[in-house]
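Text of the file upload.txt, holding compact mmCIF, N, CA and C atoms:
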```txt
# COMPACT_ATOMS: atom_id res chain seq x y z
N MET A 1 11.37 17.25 8.53
CA MET A 1 9.94 17.12 8.28
C MET A 1 9.33 16.29 9.39
N ASP A 2 8.15 16.67 9.81
CA ASP A 2 7.42 15.96 10.84
C ASP A 2 7.06 14.56 10.35
N SER A 3 7.07 13.59 11.27
CA SER A 3 6.81 12.20 10.85
C SER A 3 5.42 12.03 10.26
N ARG A 4 4.45 12.81 10.75
CA ARG A 4 3.09 12.72 10.17
C ARG A 4 3.08 13.21 8.73
N LYS A 5 3.83 14.27 8.46
CA LYS A 5 3.90 14.79 7.10
C LYS A 5 4.59 13.81 6.17
N ILE A 6 5.62 13.15 6.68
CA ILE A 6 6.32 12.15 5.89
C ILE A 6 5.39 10.99 5.53
N VAL A 7 4.64 10.51 6.53
CA VAL A 7 3.70 9.41 6.30
C VAL A 7 2.66 9.82 5.27
N LEU A 8 2.10 11.01 5.40
CA LEU A 8 1.08 11.46 4.45
C LEU A 8 1.67 11.66 3.05
N HIS A 9 2.88 12.21 2.97
CA HIS A 9 3.52 12.41 1.67
C HIS A 9 3.80 11.08 0.98
N GLU A 10 4.37 10.14 1.70
CA GLU A 10 4.67 8.82 1.12
C GLU A 10 3.38 8.09 0.72
N THR A 11 2.35 8.22 1.54
CA THR A 11 1.07 7.59 1.21
C THR A 11 0.46 8.23 -0.03
N LEU A 12 0.59 9.54 -0.16
CA LEU A 12 0.08 10.22 -1.36
C LEU A 12 0.81 9.74 -2.60
N VAL A 13 2.12 9.58 -2.52
CA VAL A 13 2.90 9.09 -3.65
C VAL A 13 2.43 7.69 -4.04
N VAL A 14 2.28 6.82 -3.04
CA VAL A 14 1.84 5.45 -3.31
C VAL A 14 0.42 5.45 -3.86
N ALA A 15 -0.45 6.32 -3.33
CA ALA A 15 -1.84 6.37 -3.80
C ALA A 15 -1.91 6.80 -5.26
N VAL A 16 -1.18 7.84 -5.62
CA VAL A 16 -1.20 8.32 -7.01
C VAL A 16 -0.65 7.24 -7.94
N GLY A 17 0.47 6.65 -7.56
CA GLY A 17 1.06 5.60 -8.39
C GLY A 17 0.16 4.38 -8.54
N THR A 18 -0.48 3.99 -7.44
CA THR A 18 -1.37 2.83 -7.48
C THR A 18 -2.60 3.11 -8.33
N VAL A 19 -3.13 4.31 -8.23
CA VAL A 19 -4.30 4.67 -9.05
C VAL A 19 -3.92 4.67 -10.53
N ILE A 20 -2.76 5.20 -10.86
CA ILE A 20 -2.32 5.21 -12.26
C ILE A 20 -2.14 3.78 -12.77
N CYS A 21 -1.46 2.96 -11.99
CA CYS A 21 -1.25 1.56 -12.40
C CYS A 21 -2.56 0.80 -12.51
N THR A 22 -3.49 1.07 -11.59
CA THR A 22 -4.79 0.40 -11.63
C THR A 22 -5.58 0.85 -12.86
N ALA A 23 -5.50 2.12 -13.20
CA ALA A 23 -6.18 2.60 -14.41
C ALA A 23 -5.59 1.95 -15.66
N LEU A 24 -4.27 1.79 -15.68
CA LEU A 24 -3.64 1.10 -16.81
C LEU A 24 -4.08 -0.36 -16.88
N MET A 25 -4.22 -0.99 -15.72
CA MET A 25 -4.67 -2.38 -15.68
C MET A 25 -6.11 -2.50 -16.22
N VAL A 26 -6.98 -1.59 -15.79
CA VAL A 26 -8.36 -1.61 -16.27
C VAL A 26 -8.38 -1.34 -17.78
N GLY A 27 -7.51 -0.45 -18.24
CA GLY A 27 -7.41 -0.20 -19.68
C GLY A 27 -6.98 -1.45 -20.44
N ALA A 28 -6.06 -2.20 -19.86
CA ALA A 28 -5.63 -3.45 -20.49
C ALA A 28 -6.78 -4.45 -20.55
N TYR A 29 -7.56 -4.53 -19.48
CA TYR A 29 -8.75 -5.40 -19.50
C TYR A 29 -9.70 -4.96 -20.61
N ALA A 30 -9.88 -3.66 -20.78
CA ALA A 30 -10.79 -3.15 -21.81
C ALA A 30 -10.27 -3.47 -23.21
N LEU A 31 -8.97 -3.28 -23.42
CA LEU A 31 -8.39 -3.58 -24.73
C LEU A 31 -8.50 -5.06 -25.07
N LEU A 32 -8.39 -5.91 -24.05
CA LEU A 32 -8.50 -7.35 -24.28
C LEU A 32 -9.94 -7.84 -24.36
N GLY A 33 -10.89 -6.94 -24.07
CA GLY A 33 -12.30 -7.29 -24.18
C GLY A 33 -12.86 -8.00 -22.95
N PHE A 34 -12.20 -7.89 -21.82
CA PHE A 34 -12.65 -8.55 -20.60
C PHE A 34 -13.22 -7.60 -19.56
N LEU A 35 -13.41 -6.34 -19.94
CA LEU A 35 -13.86 -5.34 -18.98
C LEU A 35 -15.35 -5.52 -18.67
N ASP A 36 -15.66 -5.67 -17.40
CA ASP A 36 -17.04 -5.68 -16.94
C ASP A 36 -17.08 -5.06 -15.55
N ARG A 37 -18.25 -5.07 -14.95
CA ARG A 37 -18.44 -4.45 -13.64
C ARG A 37 -17.57 -5.08 -12.56
N SER A 38 -17.40 -6.39 -12.61
CA SER A 38 -16.62 -7.07 -11.57
C SER A 38 -15.14 -6.69 -11.64
N VAL A 39 -14.64 -6.42 -12.83
CA VAL A 39 -13.25 -5.99 -12.98
C VAL A 39 -13.07 -4.60 -12.38
N VAL A 40 -13.99 -3.70 -12.67
CA VAL A 40 -13.89 -2.33 -12.14
C VAL A 40 -14.02 -2.34 -10.62
N LEU A 41 -14.99 -3.07 -10.10
CA LEU A 41 -15.16 -3.14 -8.64
C LEU A 41 -13.94 -3.80 -7.98
N GLY A 42 -13.44 -4.85 -8.59
CA GLY A 42 -12.26 -5.52 -8.05
C GLY A 42 -11.04 -4.62 -8.07
N ALA A 43 -10.87 -3.89 -9.15
CA ALA A 43 -9.72 -2.97 -9.25
C ALA A 43 -9.82 -1.87 -8.20
N MET A 44 -11.02 -1.33 -8.02
CA MET A 44 -11.20 -0.28 -7.00
C MET A 44 -10.97 -0.83 -5.60
N ALA A 45 -11.50 -2.01 -5.32
CA ALA A 45 -11.32 -2.62 -4.00
C ALA A 45 -9.84 -2.93 -3.74
N GLY A 46 -9.17 -3.50 -4.73
CA GLY A 46 -7.76 -3.82 -4.58
C GLY A 46 -6.90 -2.58 -4.37
N ALA A 47 -7.19 -1.53 -5.12
CA ALA A 47 -6.42 -0.29 -4.98
C ALA A 47 -6.64 0.34 -3.61
N LEU A 48 -7.89 0.38 -3.17
CA LEU A 48 -8.17 0.95 -1.85
C LEU A 48 -7.53 0.15 -0.73
N LEU A 49 -7.60 -1.17 -0.84
CA LEU A 49 -6.96 -2.01 0.16
C LEU A 49 -5.44 -1.84 0.15
N SER A 50 -4.87 -1.72 -1.01
CA SER A 50 -3.43 -1.55 -1.14
C SER A 50 -2.97 -0.24 -0.51
N ILE A 51 -3.68 0.84 -0.81
CA ILE A 51 -3.33 2.15 -0.25
C ILE A 51 -3.56 2.17 1.26
N GLY A 52 -4.68 1.62 1.69
CA GLY A 52 -4.96 1.55 3.12
C GLY A 52 -3.94 0.73 3.88
N ASN A 53 -3.54 -0.39 3.31
CA ASN A 53 -2.52 -1.23 3.93
C ASN A 53 -1.20 -0.48 4.06
N PHE A 54 -0.81 0.24 3.02
CA PHE A 54 0.43 1.00 3.07
C PHE A 54 0.35 2.10 4.12
N PHE A 55 -0.78 2.80 4.19
CA PHE A 55 -0.94 3.88 5.15
C PHE A 55 -0.84 3.35 6.59
N ILE A 56 -1.53 2.26 6.87
CA ILE A 56 -1.48 1.69 8.22
C ILE A 56 -0.06 1.21 8.54
N MET A 57 0.62 0.63 7.56
CA MET A 57 1.99 0.19 7.77
C MET A 57 2.91 1.38 8.07
N ALA A 58 2.74 2.47 7.33
CA ALA A 58 3.59 3.65 7.53
C ALA A 58 3.33 4.29 8.89
N VAL A 59 2.07 4.38 9.29
CA VAL A 59 1.74 4.95 10.60
C VAL A 59 2.32 4.07 11.71
N THR A 60 2.16 2.77 11.58
CA THR A 60 2.67 1.85 12.59
C THR A 60 4.19 1.92 12.67
N ALA A 61 4.86 1.99 11.54
CA ALA A 61 6.32 2.08 11.54
C ALA A 61 6.78 3.37 12.21
N SER A 62 6.08 4.45 11.96
CA SER A 62 6.42 5.72 12.58
C SER A 62 6.22 5.66 14.09
N LEU A 63 5.10 5.11 14.52
CA LEU A 63 4.84 4.97 15.96
C LEU A 63 5.83 4.02 16.61
N ALA A 64 6.17 2.96 15.91
CA ALA A 64 7.14 1.99 16.45
C ALA A 64 8.52 2.62 16.58
N ALA A 65 8.89 3.46 15.63
CA ALA A 65 10.19 4.14 15.72
C ALA A 65 10.21 5.08 16.92
N ASP A 66 9.11 5.79 17.13
CA ASP A 66 9.02 6.66 18.30
C ASP A 66 9.09 5.85 19.59
N LYS A 67 8.38 4.74 19.62
CA LYS A 67 8.39 3.89 20.81
C LYS A 67 9.77 3.29 21.05
N ALA A 68 10.44 2.90 19.99
CA ALA A 68 11.78 2.32 20.13
C ALA A 68 12.76 3.36 20.65
N GLN A 69 12.56 4.61 20.25
CA GLN A 69 13.43 5.67 20.72
C GLN A 69 13.17 6.01 22.18
N GLU A 70 11.89 6.01 22.58
CA GLU A 70 11.53 6.39 23.94
C GLU A 70 11.70 5.25 24.94
N GLN A 71 11.31 4.04 24.55
CA GLN A 71 11.32 2.93 25.51
C GLN A 71 12.45 1.96 25.17
N SER A 72 12.13 0.99 24.33
CA SER A 72 13.15 0.02 23.94
C SER A 72 12.91 -0.43 22.51
N VAL A 73 13.95 -0.92 21.90
CA VAL A 73 13.86 -1.39 20.52
C VAL A 73 12.91 -2.58 20.42
N ASN A 74 12.91 -3.44 21.43
CA ASN A 74 12.05 -4.62 21.40
C ASN A 74 10.57 -4.25 21.36
N GLU A 75 10.19 -3.18 22.08
CA GLU A 75 8.79 -2.75 22.05
C GLU A 75 8.38 -2.30 20.65
N GLY A 76 9.25 -1.54 20.00
CA GLY A 76 8.97 -1.12 18.64
C GLY A 76 8.91 -2.29 17.67
N LYS A 77 9.81 -3.23 17.86
CA LYS A 77 9.84 -4.42 16.99
C LYS A 77 8.56 -5.24 17.15
N LYS A 78 8.11 -5.42 18.39
CA LYS A 78 6.88 -6.17 18.64
C LYS A 78 5.67 -5.48 18.01
N MET A 79 5.68 -4.16 18.09
CA MET A 79 4.58 -3.39 17.51
C MET A 79 4.50 -3.60 15.99
N VAL A 80 5.65 -3.57 15.33
CA VAL A 80 5.68 -3.76 13.87
C VAL A 80 5.26 -5.19 13.51
N GLN A 81 5.74 -6.17 14.27
CA GLN A 81 5.38 -7.56 13.99
C GLN A 81 3.89 -7.81 14.17
N LEU A 82 3.32 -7.27 15.24
CA LEU A 82 1.89 -7.44 15.49
C LEU A 82 1.07 -6.76 14.40
N SER A 83 1.50 -5.58 14.00
CA SER A 83 0.81 -4.86 12.93
C SER A 83 0.84 -5.66 11.63
N TYR A 84 1.98 -6.25 11.33
CA TYR A 84 2.11 -7.04 10.10
C TYR A 84 1.12 -8.20 10.10
N ILE A 85 1.05 -8.92 11.21
CA ILE A 85 0.15 -10.07 11.29
C ILE A 85 -1.30 -9.64 11.16
N ILE A 86 -1.68 -8.58 11.87
CA ILE A 86 -3.07 -8.10 11.82
C ILE A 86 -3.41 -7.59 10.42
N ARG A 87 -2.51 -6.81 9.81
CA ARG A 87 -2.77 -6.30 8.46
C ARG A 87 -2.89 -7.43 7.44
N LEU A 88 -2.02 -8.43 7.56
CA LEU A 88 -2.05 -9.56 6.63
C LEU A 88 -3.37 -10.33 6.75
N LEU A 89 -3.78 -10.61 7.97
CA LEU A 89 -5.04 -11.33 8.18
C LEU A 89 -6.24 -10.50 7.71
N ALA A 90 -6.24 -9.22 8.02
CA ALA A 90 -7.35 -8.36 7.59
C ALA A 90 -7.40 -8.25 6.07
N LEU A 91 -6.25 -8.08 5.46
CA LEU A 91 -6.19 -7.99 4.00
C LEU A 91 -6.70 -9.27 3.34
N PHE A 92 -6.24 -10.41 3.85
CA PHE A 92 -6.69 -11.69 3.32
C PHE A 92 -8.20 -11.84 3.50
N GLY A 93 -8.69 -11.51 4.68
CA GLY A 93 -10.12 -11.65 4.95
C GLY A 93 -10.98 -10.78 4.04
N ILE A 94 -10.58 -9.53 3.88
CA ILE A 94 -11.36 -8.62 3.04
C ILE A 94 -11.28 -9.05 1.58
N LEU A 95 -10.11 -9.43 1.11
CA LEU A 95 -9.98 -9.91 -0.27
C LEU A 95 -10.81 -11.17 -0.50
N PHE A 96 -10.81 -12.06 0.48
CA PHE A 96 -11.58 -13.29 0.38
C PHE A 96 -13.07 -12.98 0.24
N VAL A 97 -13.57 -12.07 1.08
CA VAL A 97 -14.98 -11.70 1.03
C VAL A 97 -15.31 -11.03 -0.30
N CYS A 98 -14.44 -10.15 -0.77
CA CYS A 98 -14.68 -9.47 -2.05
C CYS A 98 -14.79 -10.46 -3.20
N VAL A 99 -13.89 -11.42 -3.23
CA VAL A 99 -13.87 -12.39 -4.32
C VAL A 99 -15.01 -13.38 -4.20
N LYS A 100 -15.24 -13.89 -2.99
CA LYS A 100 -16.30 -14.90 -2.79
C LYS A 100 -17.70 -14.33 -2.97
N SER A 101 -17.86 -13.03 -2.78
CA SER A 101 -19.18 -12.42 -2.96
C SER A 101 -19.59 -12.42 -4.43
N GLY A 102 -18.63 -12.58 -5.32
CA GLY A 102 -18.92 -12.57 -6.75
C GLY A 102 -18.97 -11.17 -7.34
N LEU A 103 -18.80 -10.16 -6.50
CA LEU A 103 -18.84 -8.79 -7.01
C LEU A 103 -17.53 -8.38 -7.67
N CYS A 104 -16.43 -9.01 -7.28
CA CYS A 104 -15.10 -8.60 -7.74
C CYS A 104 -14.41 -9.73 -8.50
N ASP A 105 -13.77 -9.35 -9.58
CA ASP A 105 -12.94 -10.29 -10.34
C ASP A 105 -11.70 -10.61 -9.50
N PRO A 106 -11.38 -11.90 -9.31
CA PRO A 106 -10.25 -12.26 -8.44
C PRO A 106 -8.92 -11.65 -8.86
N LEU A 107 -8.57 -11.73 -10.12
CA LEU A 107 -7.29 -11.22 -10.59
C LEU A 107 -7.23 -9.69 -10.50
N ALA A 108 -8.30 -9.04 -10.91
CA ALA A 108 -8.33 -7.57 -10.87
C ALA A 108 -8.33 -7.06 -9.43
N THR A 109 -8.73 -7.88 -8.48
CA THR A 109 -8.73 -7.47 -7.08
C THR A 109 -7.35 -7.62 -6.46
N VAL A 110 -6.63 -8.64 -6.84
CA VAL A 110 -5.34 -8.93 -6.22
C VAL A 110 -4.18 -8.15 -6.87
N ILE A 111 -4.23 -7.91 -8.15
CA ILE A 111 -3.11 -7.27 -8.85
C ILE A 111 -2.75 -5.90 -8.27
N PRO A 112 -3.70 -5.01 -7.93
CA PRO A 112 -3.29 -3.70 -7.40
C PRO A 112 -2.47 -3.76 -6.11
N ILE A 113 -2.54 -4.84 -5.39
CA ILE A 113 -1.76 -4.96 -4.17
C ILE A 113 -0.27 -5.08 -4.50
N VAL A 114 0.04 -5.58 -5.67
CA VAL A 114 1.43 -5.74 -6.10
C VAL A 114 2.01 -4.41 -6.58
N PHE A 115 1.17 -3.44 -6.90
CA PHE A 115 1.64 -2.18 -7.48
C PHE A 115 2.46 -1.32 -6.52
N VAL A 116 2.31 -1.50 -5.22
CA VAL A 116 2.97 -0.62 -4.25
C VAL A 116 4.49 -0.67 -4.40
N ARG A 117 5.05 -1.85 -4.46
CA ARG A 117 6.51 -1.98 -4.51
C ARG A 117 7.11 -1.32 -5.76
N PRO A 118 6.58 -1.58 -6.96
CA PRO A 118 7.14 -0.89 -8.14
C PRO A 118 6.97 0.62 -8.08
N VAL A 119 5.86 1.10 -7.52
CA VAL A 119 5.65 2.54 -7.39
C VAL A 119 6.73 3.15 -6.49
N ILE A 120 7.00 2.51 -5.37
CA ILE A 120 8.04 3.00 -4.45
C ILE A 120 9.40 2.98 -5.13
N THR A 121 9.69 1.92 -5.87
CA THR A 121 10.98 1.81 -6.55
C THR A 121 11.16 2.92 -7.58
N VAL A 122 10.14 3.18 -8.38
CA VAL A 122 10.22 4.24 -9.39
C VAL A 122 10.35 5.60 -8.71
N TYR A 123 9.59 5.82 -7.63
CA TYR A 123 9.67 7.08 -6.91
C TYR A 123 11.07 7.31 -6.34
N GLU A 124 11.64 6.29 -5.74
CA GLU A 124 12.99 6.41 -5.17
C GLU A 124 14.03 6.67 -6.26
N PHE A 125 13.83 6.11 -7.43
CA PHE A 125 14.77 6.29 -8.53
C PHE A 125 14.79 7.75 -8.99
N PHE A 126 13.62 8.39 -9.03
CA PHE A 126 13.52 9.75 -9.54
C PHE A 126 13.57 10.82 -8.45
N ARG A 127 13.62 10.43 -7.21
CA ARG A 127 13.65 11.40 -6.12
C ARG A 127 14.96 12.17 -6.14
N LYS A 128 14.90 13.44 -5.79
CA LYS A 128 16.09 14.28 -5.80
C LYS A 128 17.07 13.84 -4.72
N LYS A 129 18.34 14.06 -4.96
CA LYS A 129 19.38 13.67 -4.01
C LYS A 129 19.22 14.41 -2.70
N GLU A 130 18.77 15.66 -2.72
CA GLU A 130 18.59 16.43 -1.49
C GLU A 130 17.52 15.80 -0.61
N ASP A 131 16.47 15.27 -1.24
CA ASP A 131 15.38 14.63 -0.50
C ASP A 131 15.86 13.35 0.17
N LYS A 132 16.78 12.65 -0.46
CA LYS A 132 17.26 11.39 0.11
C LYS A 132 18.08 11.60 1.37
N LYS A 133 18.74 12.75 1.49
CA LYS A 133 19.55 13.03 2.67
C LYS A 133 18.69 13.37 3.87
N ALA A 134 17.52 13.93 3.65
CA ALA A 134 16.65 14.38 4.74
C ALA A 134 16.02 13.26 5.51
```

Structure translated into structure tokens:
Amino acid sequence: MDSRKIVLHETLVVAVGTVICTALMVGAYALLGFLDRSVVLGAMAGALLSIGNFFIMAVTASLAADKAQEQSVNEGKKMVQLSYIIRLLALFGILFVCVKSGLCDPLATVIPIVFVRPVITVYEFFRKKEDKKA
């Protein structure tokens, strides 16, 4: 499979899982009686940031792997490290602005960022053995 298709497929899996988890989180807020506009906006912002962060990470990792293969491993490693620092700072900055603006609930904004890892773990658990070899 082409590396672009792999990146898009993995991002789609993470996006669907994150949206499902975020919807469950918003449902929990509603059941507990804490649902308001700031929770919904925060959940949407957190989910979008989470999916965007994963997509940029996957694209960078793919480009770094290509660069490591063509040039040197150190070039690919530097690319991944720089991407990590930039993504972390951008994510923190955007989350800070979202929360400080008062439009987004702090907890509902941050929680969707944690959803990526469990989604990947569940996906890997149920993935077919043939897919894992490819």

Could you work out how far atom CA of Val14 of chain A lies from atom C of Pro118 of chain A, giving the answer in Å with one decimal?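 Going from atom C of Pro118 of chain A over to atom CA of Val14 of chain A, I get 8.5 Å.
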
Option closest in space to Leu48 of chain A, from A:Ser3, A:Ile120, A:Thr22, A:Met79 [counting only C-alpha atoms]: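 Of A:Ser3, A:Ile120, A:Thr22, A:Met79, the one nearest Leu48 of chain A, counting only C-alpha atoms, is A:Thr22.
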
So which one's closest to Ser62 of chain A, A:Lys128, A:Arg37, A:His9, A:Arg4? Using only N, CA and C atoms, please. A:Arg4

Kindly give the distance, in Å, that separates atom CA of Gly27 of chain A and atom N of Ser101 of chain A, rounded to a single decimal.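 Those two atoms sit 23.7 Å apart.
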
Counting only C-alpha atoms, I want the residues whose atoms come within 9 Å of (4.1, -2.0, 14.7) in the file frame, returned as a VMD selection string. chain A and resid 57 59 to 65 75 to 84
